[in-house]
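**Student:** Quick one: structure below, then a few questions.
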Amino acid sequence: MTLLQKLSLCTLATGLFVLPAVSYGQSNDLHAQIDRLADKIEPKVIQWRRDFHQNPELGNLEFKTAEKIAKHLKSLGLEVHTGVAKTGVVALLKGGKPGPVVALRADMDALPVTERNSLPFASKVKTTYNNQQVGVMHACGHDTHIAMLMGAAEILTQNKKDIAGTIKFIFQPAEEGVPAGEEGGAKLMVKEGVLTNPKVEAIFGVHINSATEVGTLKYKPQGTMASSDNFKIKIKGRQAHGAYPWASIDPIAVSAQIINGIQTIVSRQMEITQDAAVITVGAIHGGVRSNIIPEEVEMIGTIRALNTDMQKELHARLKRTAEMIAASAGATAIVEITEQCPVTYNHELLTAHMLPSLEQAAGKNNVKLTKAVTGAEDFAFFQQQIPGVYLFVGGMPKGMDSNKIPAHHTPDFMIDESGMKLGMRTLAYLAVDYLNKPLQKSASK
């Protein structure tokens, strides 16, 4: 028996939470209803997904997407709120029995990627992004996330009388980022109070994965996706003729030394057996002519970590490394770090508590403990406020080699739509099972 399974069967001695012993009878009856309805509406869910895929919209611009979502939710008789965090949609399903509040979340936005495949519903949408003409594509599967949550909402609404509590459906814009100078995404939703009125007790989300076989769920307690922070380092030196480098303080040479120094932060200074970390320089700009040593060079990059202590340590070491290497050459390094997204941290007790639901949804052999990834997810902002679990659902055709599948955020990205039914069922299972057996604060606290 795994530690997670043991946790789900016992009362923890910490005094923080207990896992109540309840019957699974009612949940199993609801599971059967969920399965029946999922089979029935799967064709409709696939059509929704294809429509969203063919008509993608970038972050904070999901106007038509939001309109379609809201129309469906209103048709179900739900209490619907639009314009949340600019283009987000939130709906409430009040069950027929009293109970807590749980939330299910899907992200809505597409990416500035030009689609390159033969799908009959491939995106032809073009836009201007960062002053460049680009295509717009659902290259990360958010179109499937929308459709799965719309399907789960329809299924759960039809079982309203048997639901013990309230379900909040959160359709979130701008997970991939916002236009320069704007707020958005999960952070803005939290700021606007999406987890209150009524107060949400726990939140769940799923992400489809093109390299995970259809029918499979993958999960990891604690840090499952990395924090994501941007950095900019400006190196100021002294300009000179390229033929007389001794008259300069060469910021290009200093930049090269800083880049090499940065690479040793993870490889030689961090305890990488504890958690993975990444520092990547993504761009460097400086100079205008072959025989002029410039006065200034600027580099930008990303920092990834899987726990907040390591995240803070990486920030401090990056700043120190750049500043001291520059100073050793007589140059100056100005380091700016912009925190973008915290660690996507799956609450340990909640993950353990909901593991039986995952196993009932997919079958025990199809639920797999996975490794953390250094990609980031702004679902983390919800998890900073309340316990949450974020997991992955398979979207790769059975029998395919995952090493040969086009990656997320690429022009050739594709998803096997048959994987959406499990995602839809999993969201519904998590909601009804949590409401039937919530984590409860210990009376002995």
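A note on labels: chains of the structure tokens are A, B, ... as shown, every chain counts residues from 1, and ligands are counted from 1 in their shown order.
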Select from range 2-244 of chain A everything DSSP, run on the backbone, classes as helix (DSSP H, G or I), then give the selection as a JSON list (two decimals) with N, CA and C atoms, in the first residue's frame.

**Tutor:**
[["chain", "number", "residue", "atom", "x", "y", "z"],
["A", 3, "LEU", "N", 1.98, 5.32, 0.42],
["A", 3, "LEU", "CA", 1.77, 6.31, 1.47],
["A", 3, "LEU", "C", 0.46, 7.05, 1.26],
["A", 4, "LEU", "N", 0.18, 7.42, 0.01],
["A", 4, "LEU", "CA", -1.06, 8.15, -0.28],
["A", 4, "LEU", "C", -2.28, 7.33, 0.08],
["A", 5, "GLN", "N", -2.23, 6.03, -0.24],
["A", 5, "GLN", "CA", -3.36, 5.17, 0.09],
["A", 5, "GLN", "C", -3.52, 5.05, 1.60],
["A", 6, "LYS", "N", -2.39, 4.96, 2.31],
["A", 6, "LYS", "CA", -2.45, 4.89, 3.77],
["A", 6, "LYS", "C", -3.05, 6.17, 4.35],
["A", 7, "LEU", "N", -2.61, 7.34, 3.78],
["A", 7, "LEU", "CA", -3.14, 8.61, 4.26],
["A", 7, "LEU", "C", -4.65, 8.68, 4.10],
["A", 8, "SER", "N", -5.14, 8.12, 3.00],
["A", 8, "SER", "CA", -6.57, 8.22, 2.73],
["A", 8, "SER", "C", -7.39, 7.32, 3.63],
["A", 9, "LEU", "N", -6.75, 6.41, 4.36],
["A", 9, "LEU", "CA", -7.48, 5.47, 5.20],
["A", 9, "LEU", "C", -7.37, 5.77, 6.69],
["A", 25, "GLY", "N", -21.50, 4.26, -1.39],
["A", 25, "GLY", "CA", -22.69, 3.83, -2.10],
["A", 25, "GLY", "C", -23.31, 4.92, -2.94],
["A", 26, "GLN", "N", -23.54, 6.09, -2.34],
["A", 26, "GLN", "CA", -24.16, 7.18, -3.07],
["A", 26, "GLN", "C", -23.28, 7.64, -4.21],
["A", 27, "SER", "N", -21.96, 7.75, -3.98],
["A", 27, "SER", "CA", -21.03, 8.16, -5.02],
["A", 27, "SER", "C", -21.05, 7.18, -6.18],
["A", 28, "ASN", "N", -21.10, 5.90, -5.86],
["A", 28, "ASN", "CA", -21.11, 4.89, -6.92],
["A", 28, "ASN", "C", -22.36, 5.00, -7.79],
["A", 29, "ASP", "N", -23.50, 5.32, -7.15],
["A", 29, "ASP", "CA", -24.72, 5.52, -7.92],
["A", 29, "ASP", "C", -24.56, 6.72, -8.85],
["A", 30, "LEU", "N", -23.96, 7.80, -8.33],
["A", 30, "LEU", "CA", -23.72, 8.98, -9.16],
["A", 30, "LEU", "C", -22.71, 8.68, -10.26],
["A", 31, "HIS", "N", -21.71, 7.87, -9.95],
["A", 31, "HIS", "CA", -20.72, 7.48, -10.97],
["A", 31, "HIS", "C", -21.41, 6.81, -12.16],
["A", 32, "ALA", "N", -22.35, 5.93, -11.86],
["A", 32, "ALA", "CA", -23.05, 5.23, -12.94],
["A", 32, "ALA", "C", -23.83, 6.22, -13.80],
["A", 33, "GLN", "N", -24.45, 7.20, -13.16],
["A", 33, "GLN", "CA", -25.18, 8.22, -13.91],
["A", 33, "GLN", "C", -24.22, 9.09, -14.74],
["A", 34, "ILE", "N", -23.08, 9.43, -14.14],
["A", 34, "ILE", "CA", -22.08, 10.22, -14.86],
["A", 34, "ILE", "C", -21.59, 9.46, -16.09],
["A", 35, "ASP", "N", -21.30, 8.18, -15.93],
["A", 35, "ASP", "CA", -20.80, 7.37, -17.04],
["A", 35, "ASP", "C", -21.82, 7.29, -18.17],
["A", 36, "ARG", "N", -23.07, 7.09, -17.80],
["A", 36, "ARG", "CA", -24.13, 6.97, -18.81],
["A", 36, "ARG", "C", -24.27, 8.27, -19.60],
["A", 37, "LEU", "N", -24.27, 9.39, -18.89],
["A", 37, "LEU", "CA", -24.43, 10.67, -19.56],
["A", 37, "LEU", "C", -23.19, 11.06, -20.37],
["A", 38, "ALA", "N", -22.02, 10.68, -19.87],
["A", 38, "ALA", "CA", -20.79, 10.98, -20.61],
["A", 38, "ALA", "C", -20.80, 10.27, -21.96],
["A", 39, "ASP", "N", -21.23, 9.02, -21.96],
["A", 39, "ASP", "CA", -21.35, 8.29, -23.24],
["A", 39, "ASP", "C", -22.32, 9.01, -24.18],
["A", 40, "LYS", "N", -23.40, 9.50, -23.61],
["A", 40, "LYS", "CA", -24.46, 10.11, -24.42],
["A", 40, "LYS", "C", -24.02, 11.43, -25.04],
["A", 41, "ILE", "N", -23.31, 12.26, -24.26],
["A", 41, "ILE", "CA", -23.00, 13.61, -24.76],
["A", 41, "ILE", "C", -21.61, 13.73, -25.38],
["A", 42, "GLU", "N", -20.85, 12.64, -25.40],
["A", 42, "GLU", "CA", -19.49, 12.71, -25.95],
["A", 42, "GLU", "C", -19.44, 13.32, -27.35],
["A", 43, "PRO", "N", -20.34, 12.93, -28.28],
["A", 43, "PRO", "CA", -20.29, 13.55, -29.62],
["A", 43, "PRO", "C", -20.45, 15.07, -29.57],
["A", 44, "LYS", "N", -21.31, 15.55, -28.66],
["A", 44, "LYS", "CA", -21.52, 16.99, -28.53],
["A", 44, "LYS", "C", -20.27, 17.67, -27.99],
["A", 45, "VAL", "N", -19.60, 17.03, -27.03],
["A", 45, "VAL", "CA", -18.38, 17.58, -26.46],
["A", 45, "VAL", "C", -17.29, 17.69, -27.53],
["A", 46, "ILE", "N", -17.19, 16.68, -28.37],
["A", 46, "ILE", "CA", -16.21, 16.70, -29.46],
["A", 46, "ILE", "C", -16.51, 17.86, -30.42],
["A", 47, "GLN", "N", -17.77, 18.08, -30.73],
["A", 47, "GLN", "CA", -18.13, 19.19, -31.62],
["A", 47, "GLN", "C", -17.81, 20.54, -30.99],
["A", 48, "TRP", "N", -18.07, 20.68, -29.70],
["A", 48, "TRP", "CA", -17.68, 21.92, -29.01],
["A", 48, "TRP", "C", -16.18, 22.15, -29.15],
["A", 49, "ARG", "N", -15.43, 21.10, -28.88],
["A", 49, "ARG", "CA", -13.98, 21.23, -28.95],
["A", 49, "ARG", "C", -13.53, 21.67, -30.34],
["A", 50, "ARG", "N", -14.10, 21.09, -31.37],
["A", 50, "ARG", "CA", -13.70, 21.43, -32.74],
["A", 50, "ARG", "C", -14.05, 22.88, -33.07],
["A", 51, "ASP", "N", -15.16, 23.35, -32.58],
["A", 51, "ASP", "CA", -15.54, 24.73, -32.80],
["A", 51, "ASP", "C", -14.55, 25.68, -32.13],
["A", 52, "PHE", "N", -14.21, 25.39, -30.87],
["A", 52, "PHE", "CA", -13.22, 26.22, -30.17],
["A", 52, "PHE", "C", -11.86, 26.16, -30.86],
["A", 53, "HIS", "N", -11.51, 24.97, -31.34],
["A", 53, "HIS", "CA", -10.21, 24.81, -31.99],
["A", 53, "HIS", "C", -10.14, 25.64, -33.28],
["A", 54, "GLN", "N", -11.23, 25.67, -34.00],
["A", 54, "GLN", "CA", -11.27, 26.38, -35.28],
["A", 54, "GLN", "C", -11.36, 27.89, -35.09],
["A", 63, "PHE", "N", -13.51, 36.63, -26.22],
["A", 63, "PHE", "CA", -14.87, 37.15, -26.17],
["A", 63, "PHE", "C", -15.89, 36.17, -26.75],
["A", 64, "LYS", "N", -15.63, 35.65, -27.95],
["A", 64, "LYS", "CA", -16.56, 34.72, -28.57],
["A", 64, "LYS", "C", -16.56, 33.38, -27.83],
["A", 65, "THR", "N", -15.38, 32.98, -27.38],
["A", 65, "THR", "CA", -15.29, 31.75, -26.58],
["A", 65, "THR", "C", -16.16, 31.86, -25.34],
["A", 66, "ALA", "N", -16.03, 32.97, -24.62],
["A", 66, "ALA", "CA", -16.81, 33.18, -23.40],
["A", 66, "ALA", "C", -18.30, 33.22, -23.69],
["A", 67, "GLU", "N", -18.67, 33.83, -24.80],
["A", 67, "GLU", "CA", -20.09, 33.92, -25.16],
["A", 67, "GLU", "C", -20.70, 32.54, -25.38],
["A", 68, "LYS", "N", -19.96, 31.66, -26.06],
["A", 68, "LYS", "CA", -20.45, 30.30, -26.30],
["A", 68, "LYS", "C", -20.57, 29.51, -25.00],
["A", 69, "ILE", "N", -19.58, 29.68, -24.13],
["A", 69, "ILE", "CA", -19.61, 28.98, -22.84],
["A", 69, "ILE", "C", -20.81, 29.44, -22.02],
["A", 70, "ALA", "N", -20.97, 30.76, -21.91],
["A", 70, "ALA", "CA", -22.05, 31.32, -21.10],
["A", 70, "ALA", "C", -23.42, 30.89, -21.64],
["A", 71, "LYS", "N", -23.57, 30.85, -22.94],
["A", 71, "LYS", "CA", -24.84, 30.44, -23.55],
["A", 71, "LYS", "C", -25.19, 29.01, -23.13],
["A", 72, "HIS", "N", -24.20, 28.12, -23.16],
["A", 72, "HIS", "CA", -24.46, 26.73, -22.77],
["A", 72, "HIS", "C", -24.80, 26.64, -21.29],
["A", 73, "LEU", "N", -24.06, 27.33, -20.44],
["A", 73, "LEU", "CA", -24.29, 27.25, -19.00],
["A", 73, "LEU", "C", -25.66, 27.82, -18.63],
["A", 74, "LYS", "N", -26.06, 28.89, -19.30],
["A", 74, "LYS", "CA", -27.39, 29.46, -19.04],
["A", 74, "LYS", "C", -28.48, 28.51, -19.49],
["A", 75, "SER", "N", -28.23, 27.78, -20.57],
["A", 75, "SER", "CA", -29.23, 26.82, -21.05],
["A", 75, "SER", "C", -29.46, 25.69, -20.04],
["A", 142, "HIS", "N", -6.28, 23.72, -24.56],
["A", 142, "HIS", "CA", -7.28, 24.41, -23.77],
["A", 142, "HIS", "C", -8.68, 24.28, -24.37],
["A", 143, "ASP", "N", -8.74, 24.08, -25.70],
["A", 143, "ASP", "CA", -10.04, 23.85, -26.32],
["A", 143, "ASP", "C", -10.70, 22.59, -25.77],
["A", 144, "THR", "N", -9.89, 21.55, -25.50],
["A", 144, "THR", "CA", -10.45, 20.33, -24.91],
["A", 144, "THR", "C", -10.86, 20.57, -23.46],
["A", 145, "HIS", "N", -10.09, 21.41, -22.74],
["A", 145, "HIS", "CA", -10.41, 21.69, -21.34],
["A", 145, "HIS", "C", -11.78, 22.36, -21.23],
["A", 146, "ILE", "N", -12.03, 23.34, -22.14],
["A", 146, "ILE", "CA", -13.33, 24.03, -22.13],
["A", 146, "ILE", "C", -14.46, 23.02, -22.37],
["A", 147, "ALA", "N", -14.29, 22.22, -23.42],
["A", 147, "ALA", "CA", -15.34, 21.27, -23.80],
["A", 147, "ALA", "C", -15.59, 20.24, -22.70],
["A", 148, "MET", "N", -14.52, 19.76, -22.07],
["A", 148, "MET", "CA", -14.70, 18.77, -20.99],
["A", 148, "MET", "C", -15.46, 19.36, -19.81],
["A", 149, "LEU", "N", -15.15, 20.61, -19.44],
["A", 149, "LEU", "CA", -15.84, 21.21, -18.30],
["A", 149, "LEU", "C", -17.28, 21.56, -18.65],
["A", 150, "MET", "N", -17.53, 21.98, -19.89],
["A", 150, "MET", "CA", -18.92, 22.20, -20.32],
["A", 150, "MET", "C", -19.71, 20.90, -20.24],
["A", 151, "GLY", "N", -19.06, 19.80, -20.65],
["A", 151, "GLY", "CA", -19.71, 18.50, -20.57],
["A", 151, "GLY", "C", -19.96, 18.08, -19.13],
["A", 152, "ALA", "N", -18.96, 18.30, -18.27],
["A", 152, "ALA", "CA", -19.13, 17.95, -16.85],
["A", 152, "ALA", "C", -20.26, 18.77, -16.24],
["A", 153, "ALA", "N", -20.36, 20.04, -16.61],
["A", 153, "ALA", "CA", -21.44, 20.89, -16.09],
["A", 153, "ALA", "C", -22.81, 20.35, -16.50],
["A", 154, "GLU", "N", -22.93, 19.89, -17.74],
["A", 154, "GLU", "CA", -24.21, 19.34, -18.20],
["A", 154, "GLU", "C", -24.55, 18.05, -17.45],
["A", 155, "ILE", "N", -23.56, 17.20, -17.28],
["A", 155, "ILE", "CA", -23.78, 15.94, -16.56],
["A", 155, "ILE", "C", -24.20, 16.19, -15.11],
["A", 156, "LEU", "N", -23.46, 17.08, -14.44],
["A", 156, "LEU", "CA", -23.73, 17.34, -13.03],
["A", 156, "LEU", "C", -25.07, 18.04, -12.83],
["A", 157, "THR", "N", -25.43, 18.91, -13.75],
["A", 157, "THR", "CA", -26.72, 19.59, -13.65],
["A", 157, "THR", "C", -27.87, 18.59, -13.72],
["A", 160, "LYS", "N", -28.52, 17.14, -10.32],
["A", 160, "LYS", "CA", -28.56, 18.21, -9.32],
["A", 160, "LYS", "C", -29.18, 17.76, -8.00],
["A", 161, "LYS", "N", -30.28, 17.04, -8.07],
["A", 161, "LYS", "CA", -31.01, 16.68, -6.85],
["A", 161, "LYS", "C", -30.21, 15.77, -5.93],
["A", 162, "ASP", "N", -29.23, 15.06, -6.47],
["A", 162, "ASP", "CA", -28.43, 14.12, -5.67],
["A", 162, "ASP", "C", -27.10, 14.70, -5.23],
["A", 185, "GLY", "N", -5.71, 36.24, -16.05],
["A", 185, "GLY", "CA", -5.50, 34.87, -15.62],
["A", 185, "GLY", "C", -6.04, 34.56, -14.24],
["A", 186, "ALA", "N", -5.54, 33.47, -13.68],
["A", 186, "ALA", "CA", -6.00, 33.01, -12.37],
["A", 186, "ALA", "C", -5.73, 34.04, -11.28],
["A", 187, "LYS", "N", -4.61, 34.73, -11.39],
["A", 187, "LYS", "CA", -4.25, 35.73, -10.37],
["A", 187, "LYS", "C", -5.31, 36.81, -10.28],
["A", 188, "LEU", "N", -5.79, 37.29, -11.42],
["A", 188, "LEU", "CA", -6.82, 38.32, -11.42],
["A", 188, "LEU", "C", -8.15, 37.75, -10.96],
["A", 189, "MET", "N", -8.44, 36.51, -11.33],
["A", 189, "MET", "CA", -9.69, 35.89, -10.86],
["A", 189, "MET", "C", -9.72, 35.81, -9.33],
["A", 190, "VAL", "N", -8.59, 35.41, -8.75],
["A", 190, "VAL", "CA", -8.51, 35.36, -7.28],
["A", 190, "VAL", "C", -8.68, 36.75, -6.70],
["A", 191, "LYS", "N", -8.02, 37.73, -7.30],
["A", 191, "LYS", "CA", -8.10, 39.12, -6.83],
["A", 191, "LYS", "C", -9.54, 39.63, -6.86]]

**Student:** Can you pull out every residue from range 222-254 of chain A that DSSP, working from the backbone, puts in strand (DSSP E or B), and format the result as a list in words?

**Tutor:**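 Here is the list: Gln222, Gly223, Thr224, Met225, Ser227, Ser228, Asp229, Asn230, Phe231, Lys232, Ile233, Lys234, Ile235, Lys236, Arg238, Ala240, His241 and Ile249 of chain A.
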
**Student:** Looking at only C-alpha atoms, which of A:Leu93, A:Ala362, A:Ile303, A:Ile258 is the one that sits closest to Ile279 in chain A?

**Tutor:**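 Looking only at the distances to Ile279 in chain A, the closest residue turns out to be A:Ile303.
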
**Student:** CA of Leu61 in chain A and CA of Val393 in chain A, how far apart in Å?

**Tutor:**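 Between CA of Val393 in chain A and CA of Leu61 in chain A the gap is 26.5 Å.
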
**Student:** Given the choices A:Gly287, A:Gly282, A:Gly395, A:Pro179, which gets closest to Gly301 in chain A if the distance is worked out from only C-alpha atoms?

**Tutor:**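 With only C-alpha atoms as the atom set, the closest residue is A:Gly282.
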
**Student:** Tell me, in Å to one decimal, how far CA of Ser290 in chain A is from CA of Gly242 in chain A.

**Tutor:** 7.4 Å

**Student:** I'd like the interatomic distance between CA of Pro438 in chain A and CA of Met354 in chain A, to a tenth of an Å.

**Tutor:** 9.6 Å
